[in-house]
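Peer 1: If it helps, the file is called structure_7.txt and holds compact mmCIF, N, CA and C atoms:
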# COMPACT_ATOMS: atom_id res chain seq x y z
N MET A 1 -148.59 20.46 37.42
CA MET A 1 -149.97 20.19 37.75
C MET A 1 -150.13 18.67 37.89
N ARG A 2 -151.01 18.27 38.79
CA ARG A 2 -151.21 16.86 39.08
C ARG A 2 -152.69 16.50 38.96
N SER A 3 -152.96 15.33 38.44
CA SER A 3 -154.35 14.87 38.31
C SER A 3 -154.93 14.54 39.67
N THR A 4 -156.24 14.78 39.78
CA THR A 4 -156.95 14.42 41.00
C THR A 4 -157.67 13.10 40.83
N TRP A 5 -158.27 12.89 39.65
CA TRP A 5 -158.98 11.65 39.33
C TRP A 5 -158.49 11.16 37.97
N VAL A 6 -158.62 9.88 37.76
CA VAL A 6 -158.28 9.28 36.47
C VAL A 6 -159.44 8.38 36.05
N THR A 7 -159.94 8.58 34.84
CA THR A 7 -160.95 7.70 34.27
C THR A 7 -160.40 7.17 32.96
N ALA A 8 -160.46 5.86 32.81
CA ALA A 8 -159.92 5.23 31.61
C ALA A 8 -160.77 4.01 31.26
N ASN A 9 -160.77 3.65 29.97
CA ASN A 9 -161.38 2.38 29.62
C ASN A 9 -160.37 1.28 29.93
N ASP A 10 -160.74 0.03 29.74
CA ASP A 10 -159.86 -1.06 30.13
C ASP A 10 -158.52 -1.03 29.39
N TYR A 11 -158.54 -0.70 28.10
CA TYR A 11 -157.29 -0.62 27.34
C TYR A 11 -156.40 0.53 27.84
N GLU A 12 -157.00 1.71 28.01
CA GLU A 12 -156.23 2.86 28.50
C GLU A 12 -155.68 2.59 29.90
N GLY A 13 -156.49 1.97 30.74
CA GLY A 13 -156.04 1.64 32.09
C GLY A 13 -154.85 0.69 32.08
N LYS A 14 -154.91 -0.29 31.19
CA LYS A 14 -153.80 -1.24 31.08
C LYS A 14 -152.52 -0.51 30.62
N MET A 15 -152.66 0.38 29.64
CA MET A 15 -151.50 1.13 29.15
C MET A 15 -150.93 2.04 30.25
N LEU A 16 -151.81 2.66 31.03
CA LEU A 16 -151.37 3.52 32.14
C LEU A 16 -150.61 2.69 33.17
N SER A 17 -151.16 1.55 33.51
CA SER A 17 -150.54 0.69 34.51
C SER A 17 -149.19 0.16 34.02
N GLU A 18 -149.16 -0.32 32.77
CA GLU A 18 -147.90 -0.84 32.22
C GLU A 18 -146.86 0.28 32.05
N GLY A 19 -147.30 1.46 31.62
CA GLY A 19 -146.38 2.57 31.39
C GLY A 19 -145.76 3.12 32.66
N THR A 20 -146.51 3.10 33.73
CA THR A 20 -146.00 3.63 35.00
C THR A 20 -145.40 2.55 35.88
N GLY A 21 -145.79 1.29 35.61
CA GLY A 21 -145.35 0.20 36.49
C GLY A 21 -146.18 0.14 37.77
N TRP A 22 -147.27 0.89 37.80
CA TRP A 22 -148.13 0.94 38.99
C TRP A 22 -149.39 0.10 38.76
N SER A 23 -149.83 -0.58 39.79
CA SER A 23 -151.13 -1.26 39.74
C SER A 23 -152.22 -0.21 39.94
N TYR A 24 -153.49 -0.60 39.73
CA TYR A 24 -154.58 0.33 40.01
C TYR A 24 -154.59 0.73 41.48
N ALA A 25 -154.25 -0.21 42.35
CA ALA A 25 -154.16 0.10 43.78
C ALA A 25 -153.09 1.17 44.03
N ASP A 26 -151.94 1.04 43.35
CA ASP A 26 -150.87 2.04 43.48
C ASP A 26 -151.35 3.40 42.99
N ILE A 27 -152.02 3.40 41.84
CA ILE A 27 -152.53 4.65 41.29
C ILE A 27 -153.51 5.30 42.26
N SER A 28 -154.36 4.48 42.90
CA SER A 28 -155.36 5.02 43.81
C SER A 28 -154.73 5.64 45.05
N ARG A 29 -153.49 5.33 45.33
CA ARG A 29 -152.78 5.97 46.45
C ARG A 29 -152.22 7.33 46.04
N ARG A 30 -152.14 7.59 44.73
CA ARG A 30 -151.56 8.84 44.22
C ARG A 30 -152.62 9.85 43.78
N VAL A 31 -153.82 9.36 43.48
CA VAL A 31 -154.95 10.23 43.13
C VAL A 31 -156.13 9.80 43.99
N ARG A 32 -157.19 10.58 43.98
CA ARG A 32 -158.35 10.23 44.80
C ARG A 32 -159.01 8.94 44.36
N GLY A 33 -158.83 8.59 43.11
CA GLY A 33 -159.39 7.32 42.67
C GLY A 33 -159.40 7.16 41.18
N PRO A 34 -158.77 6.10 40.67
CA PRO A 34 -158.95 5.78 39.27
C PRO A 34 -160.26 5.04 39.07
N VAL A 35 -160.90 5.31 37.93
CA VAL A 35 -162.11 4.62 37.53
C VAL A 35 -161.78 3.95 36.20
N VAL A 36 -162.06 2.65 36.11
CA VAL A 36 -161.78 1.90 34.89
C VAL A 36 -163.09 1.32 34.39
N THR A 37 -163.47 1.72 33.17
CA THR A 37 -164.68 1.17 32.57
C THR A 37 -164.31 -0.10 31.81
N LEU A 38 -165.18 -1.08 31.85
CA LEU A 38 -164.89 -2.39 31.26
C LEU A 38 -165.89 -2.74 30.16
N GLY A 39 -166.18 -1.79 29.31
CA GLY A 39 -167.11 -2.01 28.22
C GLY A 39 -168.50 -2.31 28.75
N ALA A 40 -169.08 -3.40 28.29
CA ALA A 40 -170.44 -3.78 28.72
C ALA A 40 -170.44 -4.37 30.13
N ASP A 41 -169.25 -4.65 30.66
CA ASP A 41 -169.16 -5.22 32.00
C ASP A 41 -169.15 -4.10 33.04
N ASP A 42 -169.02 -4.47 34.29
CA ASP A 42 -168.97 -3.49 35.37
C ASP A 42 -167.80 -2.54 35.20
N SER A 43 -167.85 -1.44 35.94
CA SER A 43 -166.71 -0.54 36.06
C SER A 43 -166.04 -0.82 37.40
N GLU A 44 -164.81 -0.39 37.52
CA GLU A 44 -164.09 -0.51 38.77
C GLU A 44 -163.73 0.88 39.28
N VAL A 45 -164.00 1.12 40.53
CA VAL A 45 -163.60 2.36 41.20
C VAL A 45 -162.60 1.97 42.27
N TRP A 46 -161.46 2.60 42.24
CA TRP A 46 -160.41 2.31 43.22
C TRP A 46 -160.26 3.51 44.14
N VAL A 47 -160.44 3.32 45.43
CA VAL A 47 -160.25 4.39 46.40
C VAL A 47 -159.44 3.81 47.56
N GLY A 48 -158.32 4.46 47.88
CA GLY A 48 -157.49 3.98 48.99
C GLY A 48 -157.05 2.55 48.79
N ALA A 49 -156.69 2.17 47.58
CA ALA A 49 -156.19 0.84 47.22
C ALA A 49 -157.25 -0.25 47.30
N GLU A 50 -158.52 0.12 47.46
CA GLU A 50 -159.60 -0.86 47.49
C GLU A 50 -160.47 -0.71 46.25
N LYS A 51 -160.80 -1.84 45.65
CA LYS A 51 -161.60 -1.85 44.43
C LYS A 51 -163.07 -2.06 44.77
N LYS A 52 -163.92 -1.28 44.10
CA LYS A 52 -165.36 -1.45 44.21
C LYS A 52 -165.92 -1.63 42.81
N HIS A 53 -166.73 -2.67 42.63
CA HIS A 53 -167.38 -2.91 41.33
C HIS A 53 -168.64 -2.06 41.25
N ILE A 54 -168.79 -1.39 40.14
CA ILE A 54 -170.00 -0.61 39.85
C ILE A 54 -170.72 -1.35 38.73
N PRO A 55 -171.91 -1.85 39.00
CA PRO A 55 -172.60 -2.63 37.96
C PRO A 55 -172.99 -1.78 36.76
N SER A 56 -172.89 -2.40 35.60
CA SER A 56 -173.38 -1.71 34.41
C SER A 56 -174.90 -1.76 34.43
N VAL A 57 -175.50 -0.85 33.69
CA VAL A 57 -176.96 -0.79 33.58
C VAL A 57 -177.32 -1.35 32.22
N LYS A 58 -178.20 -2.31 32.19
CA LYS A 58 -178.59 -2.95 30.92
C LYS A 58 -179.39 -1.96 30.08
N ALA A 59 -178.89 -1.73 28.89
CA ALA A 59 -179.58 -0.85 27.95
C ALA A 59 -180.69 -1.62 27.26
N PHE A 60 -181.75 -0.93 26.92
CA PHE A 60 -182.85 -1.58 26.21
C PHE A 60 -182.43 -1.97 24.81
N ALA A 61 -181.65 -1.10 24.17
CA ALA A 61 -181.21 -1.37 22.80
C ALA A 61 -179.74 -1.01 22.67
N LEU A 62 -179.02 -1.77 21.85
CA LEU A 62 -177.63 -1.46 21.56
C LEU A 62 -177.58 -0.91 20.14
N VAL A 63 -177.55 0.43 20.03
CA VAL A 63 -177.65 1.09 18.73
C VAL A 63 -176.31 1.65 18.29
N ASP A 64 -175.65 2.44 19.13
CA ASP A 64 -174.41 3.09 18.72
C ASP A 64 -173.55 3.39 19.95
N PRO A 65 -172.38 2.75 20.08
CA PRO A 65 -171.52 2.98 21.24
C PRO A 65 -170.71 4.28 21.17
N THR A 66 -170.72 4.94 20.00
CA THR A 66 -169.94 6.17 19.85
C THR A 66 -170.41 7.22 20.86
N GLY A 67 -169.50 7.70 21.68
CA GLY A 67 -169.84 8.72 22.66
C GLY A 67 -170.12 8.17 24.05
N CYS A 68 -170.08 6.86 24.22
CA CYS A 68 -170.37 6.29 25.55
C CYS A 68 -169.32 6.69 26.59
N GLY A 69 -168.06 6.70 26.18
CA GLY A 69 -167.01 7.12 27.12
C GLY A 69 -167.19 8.57 27.55
N ASP A 70 -167.55 9.42 26.60
CA ASP A 70 -167.81 10.82 26.92
C ASP A 70 -169.00 10.95 27.86
N ALA A 71 -170.05 10.17 27.60
CA ALA A 71 -171.23 10.20 28.46
C ALA A 71 -170.87 9.78 29.88
N PHE A 72 -170.06 8.72 30.00
CA PHE A 72 -169.64 8.25 31.32
C PHE A 72 -168.84 9.32 32.05
N ARG A 73 -167.88 9.90 31.35
CA ARG A 73 -167.04 10.93 31.99
C ARG A 73 -167.85 12.18 32.34
N GLY A 74 -168.75 12.57 31.46
CA GLY A 74 -169.60 13.73 31.74
C GLY A 74 -170.45 13.52 32.98
N ALA A 75 -171.03 12.34 33.09
CA ALA A 75 -171.85 12.03 34.27
C ALA A 75 -170.97 12.01 35.53
N SER A 76 -169.77 11.47 35.40
CA SER A 76 -168.86 11.43 36.56
C SER A 76 -168.48 12.84 37.00
N LEU A 77 -168.18 13.70 36.03
CA LEU A 77 -167.84 15.09 36.37
C LEU A 77 -169.01 15.81 37.02
N TYR A 78 -170.22 15.52 36.54
CA TYR A 78 -171.42 16.10 37.13
C TYR A 78 -171.48 15.76 38.63
N GLY A 79 -171.26 14.50 38.95
CA GLY A 79 -171.29 14.08 40.35
C GLY A 79 -170.14 14.65 41.16
N LEU A 80 -168.95 14.67 40.58
CA LEU A 80 -167.79 15.20 41.30
C LEU A 80 -167.98 16.68 41.65
N GLU A 81 -168.61 17.43 40.75
CA GLU A 81 -168.90 18.84 41.02
C GLU A 81 -169.86 19.00 42.19
N ARG A 82 -170.60 17.97 42.47
CA ARG A 82 -171.58 17.99 43.58
C ARG A 82 -171.06 17.27 44.81
N ASP A 83 -169.76 16.96 44.81
CA ASP A 83 -169.10 16.29 45.94
C ASP A 83 -169.68 14.92 46.25
N TRP A 84 -170.15 14.21 45.23
CA TRP A 84 -170.63 12.85 45.42
C TRP A 84 -169.43 11.93 45.60
N PRO A 85 -169.63 10.82 46.29
CA PRO A 85 -168.57 9.79 46.33
C PRO A 85 -168.31 9.27 44.91
N LEU A 86 -167.09 8.86 44.66
CA LEU A 86 -166.70 8.43 43.33
C LEU A 86 -167.55 7.26 42.82
N ALA A 87 -167.93 6.35 43.70
CA ALA A 87 -168.77 5.21 43.29
C ALA A 87 -170.13 5.68 42.78
N ARG A 88 -170.70 6.68 43.42
CA ARG A 88 -171.99 7.21 42.96
C ARG A 88 -171.83 7.90 41.61
N CYS A 89 -170.73 8.61 41.42
CA CYS A 89 -170.46 9.25 40.13
C CYS A 89 -170.38 8.21 39.02
N ALA A 90 -169.68 7.12 39.28
CA ALA A 90 -169.55 6.05 38.29
C ALA A 90 -170.90 5.37 38.06
N GLY A 91 -171.71 5.26 39.09
CA GLY A 91 -173.05 4.70 38.93
C GLY A 91 -173.90 5.54 37.99
N LEU A 92 -173.82 6.86 38.15
CA LEU A 92 -174.54 7.74 37.23
C LEU A 92 -173.99 7.58 35.82
N GLY A 93 -172.67 7.43 35.72
CA GLY A 93 -172.06 7.20 34.41
C GLY A 93 -172.61 5.95 33.74
N SER A 94 -172.78 4.89 34.51
CA SER A 94 -173.34 3.64 33.96
C SER A 94 -174.76 3.84 33.46
N HIS A 95 -175.55 4.61 34.20
CA HIS A 95 -176.92 4.90 33.77
C HIS A 95 -176.92 5.69 32.47
N LEU A 96 -176.08 6.70 32.40
CA LEU A 96 -176.07 7.55 31.21
C LEU A 96 -175.58 6.78 29.98
N VAL A 97 -174.61 5.89 30.17
CA VAL A 97 -174.14 5.07 29.05
C VAL A 97 -175.27 4.20 28.52
N ALA A 98 -176.08 3.62 29.41
CA ALA A 98 -177.20 2.78 28.96
C ALA A 98 -178.21 3.59 28.17
N LEU A 99 -178.38 4.84 28.52
CA LEU A 99 -179.29 5.70 27.76
C LEU A 99 -178.68 6.13 26.43
N LYS A 100 -177.39 6.47 26.46
CA LYS A 100 -176.72 6.94 25.25
C LYS A 100 -176.61 5.86 24.20
N ILE A 101 -176.24 4.65 24.59
CA ILE A 101 -176.00 3.58 23.61
C ILE A 101 -177.27 3.18 22.86
N ALA A 102 -178.41 3.52 23.41
CA ALA A 102 -179.69 3.22 22.75
C ALA A 102 -180.06 4.28 21.72
N GLN A 103 -179.22 5.28 21.53
CA GLN A 103 -179.48 6.36 20.58
C GLN A 103 -178.40 6.36 19.50
N GLN A 104 -178.76 6.75 18.29
CA GLN A 104 -177.81 6.88 17.19
C GLN A 104 -177.04 8.18 17.36
N SER A 105 -175.76 8.16 17.08
CA SER A 105 -174.86 9.33 17.11
C SER A 105 -174.41 9.62 18.53
N PRO A 106 -173.25 10.27 18.65
CA PRO A 106 -172.66 10.46 19.98
C PRO A 106 -173.39 11.43 20.90
N GLN A 107 -174.07 12.43 20.35
CA GLN A 107 -174.72 13.41 21.21
C GLN A 107 -176.13 13.71 20.73
N ASN A 108 -176.83 12.68 20.35
CA ASN A 108 -178.16 12.84 19.78
C ASN A 108 -179.24 12.55 20.82
N TYR A 109 -179.09 13.07 22.01
CA TYR A 109 -180.07 12.85 23.06
C TYR A 109 -180.02 14.01 24.04
N THR A 110 -181.11 14.22 24.73
CA THR A 110 -181.15 15.19 25.81
C THR A 110 -181.64 14.45 27.05
N LEU A 111 -181.46 15.03 28.20
CA LEU A 111 -181.85 14.39 29.45
C LEU A 111 -182.79 15.29 30.22
N ASP A 112 -183.68 14.68 30.96
CA ASP A 112 -184.41 15.42 31.98
C ASP A 112 -184.34 14.59 33.26
N GLY A 113 -184.61 15.18 34.36
CA GLY A 113 -184.44 14.52 35.65
C GLY A 113 -185.66 13.77 36.13
N GLN A 114 -186.64 13.60 35.29
CA GLN A 114 -187.86 12.91 35.70
C GLN A 114 -187.65 11.40 35.73
N GLU A 115 -188.35 10.77 36.63
CA GLU A 115 -188.30 9.31 36.69
C GLU A 115 -188.88 8.74 35.41
N PRO A 116 -188.22 7.75 34.82
CA PRO A 116 -188.74 7.17 33.58
C PRO A 116 -190.13 6.59 33.78
N ASP A 117 -191.01 6.87 32.86
CA ASP A 117 -192.34 6.29 32.86
C ASP A 117 -192.66 5.83 31.44
N LEU A 118 -191.71 5.08 30.88
CA LEU A 118 -191.85 4.62 29.51
C LEU A 118 -192.14 3.13 29.50
N LYS A 119 -192.80 2.68 28.47
CA LYS A 119 -193.11 1.26 28.33
C LYS A 119 -191.92 0.53 27.73
N PRO A 120 -191.60 -0.67 28.24
CA PRO A 120 -190.56 -1.44 27.57
C PRO A 120 -190.90 -1.59 26.10
N GLY A 121 -189.91 -1.46 25.25
CA GLY A 121 -190.14 -1.50 23.81
C GLY A 121 -189.90 -0.14 23.18
N GLU A 122 -190.01 0.92 23.97
CA GLU A 122 -189.67 2.24 23.46
C GLU A 122 -188.15 2.37 23.49
N ARG A 123 -187.59 2.91 22.45
CA ARG A 123 -186.14 2.97 22.33
C ARG A 123 -185.47 3.78 23.44
N THR A 124 -186.16 4.65 24.09
CA THR A 124 -185.53 5.50 25.10
C THR A 124 -185.53 4.87 26.49
N TRP A 125 -186.09 3.67 26.63
CA TRP A 125 -186.17 3.04 27.94
C TRP A 125 -184.84 2.41 28.30
N ALA A 126 -184.28 2.72 29.46
CA ALA A 126 -183.05 2.06 29.91
C ALA A 126 -183.32 1.36 31.24
N GLN A 127 -184.01 2.01 32.13
CA GLN A 127 -184.30 1.42 33.43
C GLN A 127 -185.62 1.98 33.92
N LYS A 128 -186.52 1.12 34.33
CA LYS A 128 -187.87 1.56 34.70
C LYS A 128 -187.88 2.40 35.97
N LYS A 129 -187.14 2.00 36.98
CA LYS A 129 -187.13 2.71 38.26
C LYS A 129 -185.71 3.13 38.61
N PRO A 130 -185.54 4.22 39.34
CA PRO A 130 -184.20 4.59 39.77
C PRO A 130 -183.68 3.56 40.77
N ASP A 131 -182.36 3.42 40.83
CA ASP A 131 -181.78 2.48 41.78
C ASP A 131 -181.68 3.11 43.17
N ALA A 132 -180.96 2.47 44.06
CA ALA A 132 -180.85 2.93 45.45
C ALA A 132 -180.22 4.32 45.57
N SER A 133 -179.46 4.73 44.55
CA SER A 133 -178.84 6.05 44.60
C SER A 133 -179.86 7.15 44.34
N GLY A 134 -181.07 6.77 43.91
CA GLY A 134 -182.09 7.77 43.64
C GLY A 134 -182.01 8.33 42.24
N ILE A 135 -181.20 7.73 41.39
CA ILE A 135 -181.03 8.26 40.04
C ILE A 135 -182.13 7.73 39.15
N GLY A 136 -182.84 8.59 38.50
CA GLY A 136 -183.82 8.20 37.50
C GLY A 136 -183.73 9.17 36.34
N LEU A 137 -183.36 8.70 35.17
CA LEU A 137 -183.16 9.58 34.02
C LEU A 137 -183.93 9.08 32.81
N ILE A 138 -184.27 9.98 31.95
CA ILE A 138 -184.89 9.65 30.67
C ILE A 138 -184.01 10.27 29.59
N ALA A 139 -183.76 9.53 28.54
CA ALA A 139 -183.09 10.09 27.37
C ALA A 139 -184.15 10.27 26.29
N LYS A 140 -184.14 11.41 25.66
CA LYS A 140 -185.09 11.70 24.59
C LYS A 140 -184.32 12.01 23.32
N PRO A 141 -184.69 11.39 22.20
CA PRO A 141 -184.02 11.75 20.96
C PRO A 141 -184.28 13.20 20.59
N VAL A 142 -183.31 13.82 19.96
CA VAL A 142 -183.50 15.22 19.52
C VAL A 142 -183.77 15.27 18.05
Would you encode the structure as structure tokens?

Peer 2:
Amino acid sequence: MRSTWVTANDYEGKMLSEGTGWSYADISRRVRGPVVTLGADDSEVWVGAEKKHIPSVKAFALVDPTGCGDAFRGASLYGLERDWPLARCAGLGSHLVALKIAQQSPQNYTLDGQEPDLKPGERTWAQKKPDASGIGLIAKPV
């Protein structure tokens, strides 16, 4: 069996690259695209040996990073199931991470698809308006 996509954080990506002797560009020629998350910095999506930066979304509060990688991957899988381009999937991942990190515990939030209409200062606020991709999410504590 062969992987179709690869998602890794910066450390995992470095280990993958060093272990195989392949650059991210090389890896992107073997799978549809590796995605490398860079913590609070942008993510990188590699498709056809070309790198695209995906901006991170500024979270309103930095409460708990536990589960952010899972949130990113879950959002990416959601988009891939809908045949979205990989960059759009990673963009959704960035949005979800900004919502998740503002909540305590790895899975202590729920989502709805409504455009956020929260006042800055509320812990669930991550981004007031959806970006050009049309993504607008609200995280609610459970």

Peer 1: Any idea what the distance is between CA of Gly74 in chain A and CA of Leu96 in chain A?

Peer 2: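 Calculated distance between CA of Gly74 in chain A and CA of Leu96 in chain A is 9.0 Å.
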
Peer 1: Residues within 5 Å of range 34-38 of chain A, please, as a VMD selection string. Count all atoms listed in the file; anything in the same chain fewer than 4 positions from it doesn't count.

Peer 2: chain A and resid 6 to 10 28 42 to 46

Peer 1: Show which residues sit within 6.5 Å of Phe72 in chain A, as a list in words. Count all atoms listed in the file, and ignore same-chain residues fewer than 2 positions away.

Peer 2: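 Using all atoms listed in the file, the neighbours found are Gly67, Cys68, Gly69, Asp70, Gly74, Ala75, Ser76, Leu77, Leu92, Gly93, Ser94, Leu96 and Val97 of chain A.
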
Peer 1: Could you check how far CA of Lys100 in chain A sits from atom N of Asp64 in chain A, in Å to one decimal?

Peer 2: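 Taking CA of Lys100 in chain A and atom N of Asp64 in chain A, their separation equals 7.7 Å.
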
Peer 1: What are the DSSP strand (DSSP E or B) residues of range 50-93 of chain A, as a compact mmCIF listing (two decimals) with N, CA and C atoms, in the frame of the given file?

Peer 2:
# COMPACT_ATOMS: atom_id res chain seq x y z
N GLU A 50 -158.52 0.12 47.46
CA GLU A 50 -159.60 -0.86 47.49
C GLU A 50 -160.47 -0.71 46.25
N LYS A 51 -160.80 -1.84 45.65
CA LYS A 51 -161.60 -1.85 44.43
C LYS A 51 -163.07 -2.06 44.77
N LYS A 52 -163.92 -1.28 44.10
CA LYS A 52 -165.36 -1.45 44.21
C LYS A 52 -165.92 -1.63 42.81
N HIS A 53 -166.73 -2.67 42.63
CA HIS A 53 -167.38 -2.91 41.33
C HIS A 53 -168.64 -2.06 41.25
N ILE A 54 -168.79 -1.39 40.14
CA ILE A 54 -170.00 -0.61 39.85
C ILE A 54 -170.72 -1.35 38.73

Peer 1: Can you measure atom C of Val63 in chain A to atom N of Asp41 in chain A for me? One decimal in Å is fine.

Peer 2: 15.6 Å

Peer 1: So which one's closest to Arg30 in chain A, A:Ser17, A:Ser3, A:Gln104, A:Ser56? Using only C-alpha atoms, please.

Peer 2: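 For Arg30 in chain A, the nearest of the candidates is A:Ser3.
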
Peer 1: Give the helix (DSSP H, G or I) residues of range 38-105 of chain A, as DSSP finds them on the backbone, and put them as a list in words.

Peer 2: Cys68, Gly69, Asp70, Ala71, Phe72, Arg73, Gly74, Ala75, Ser76, Leu77, Tyr78, Gly79, Leu80, Glu81, Leu86, Ala87, Arg88, Cys89, Ala90, Gly91, Leu92, Gly93, Ser94, His95, Leu96, Val97, Ala98, Leu99 and Lys100 of chain A
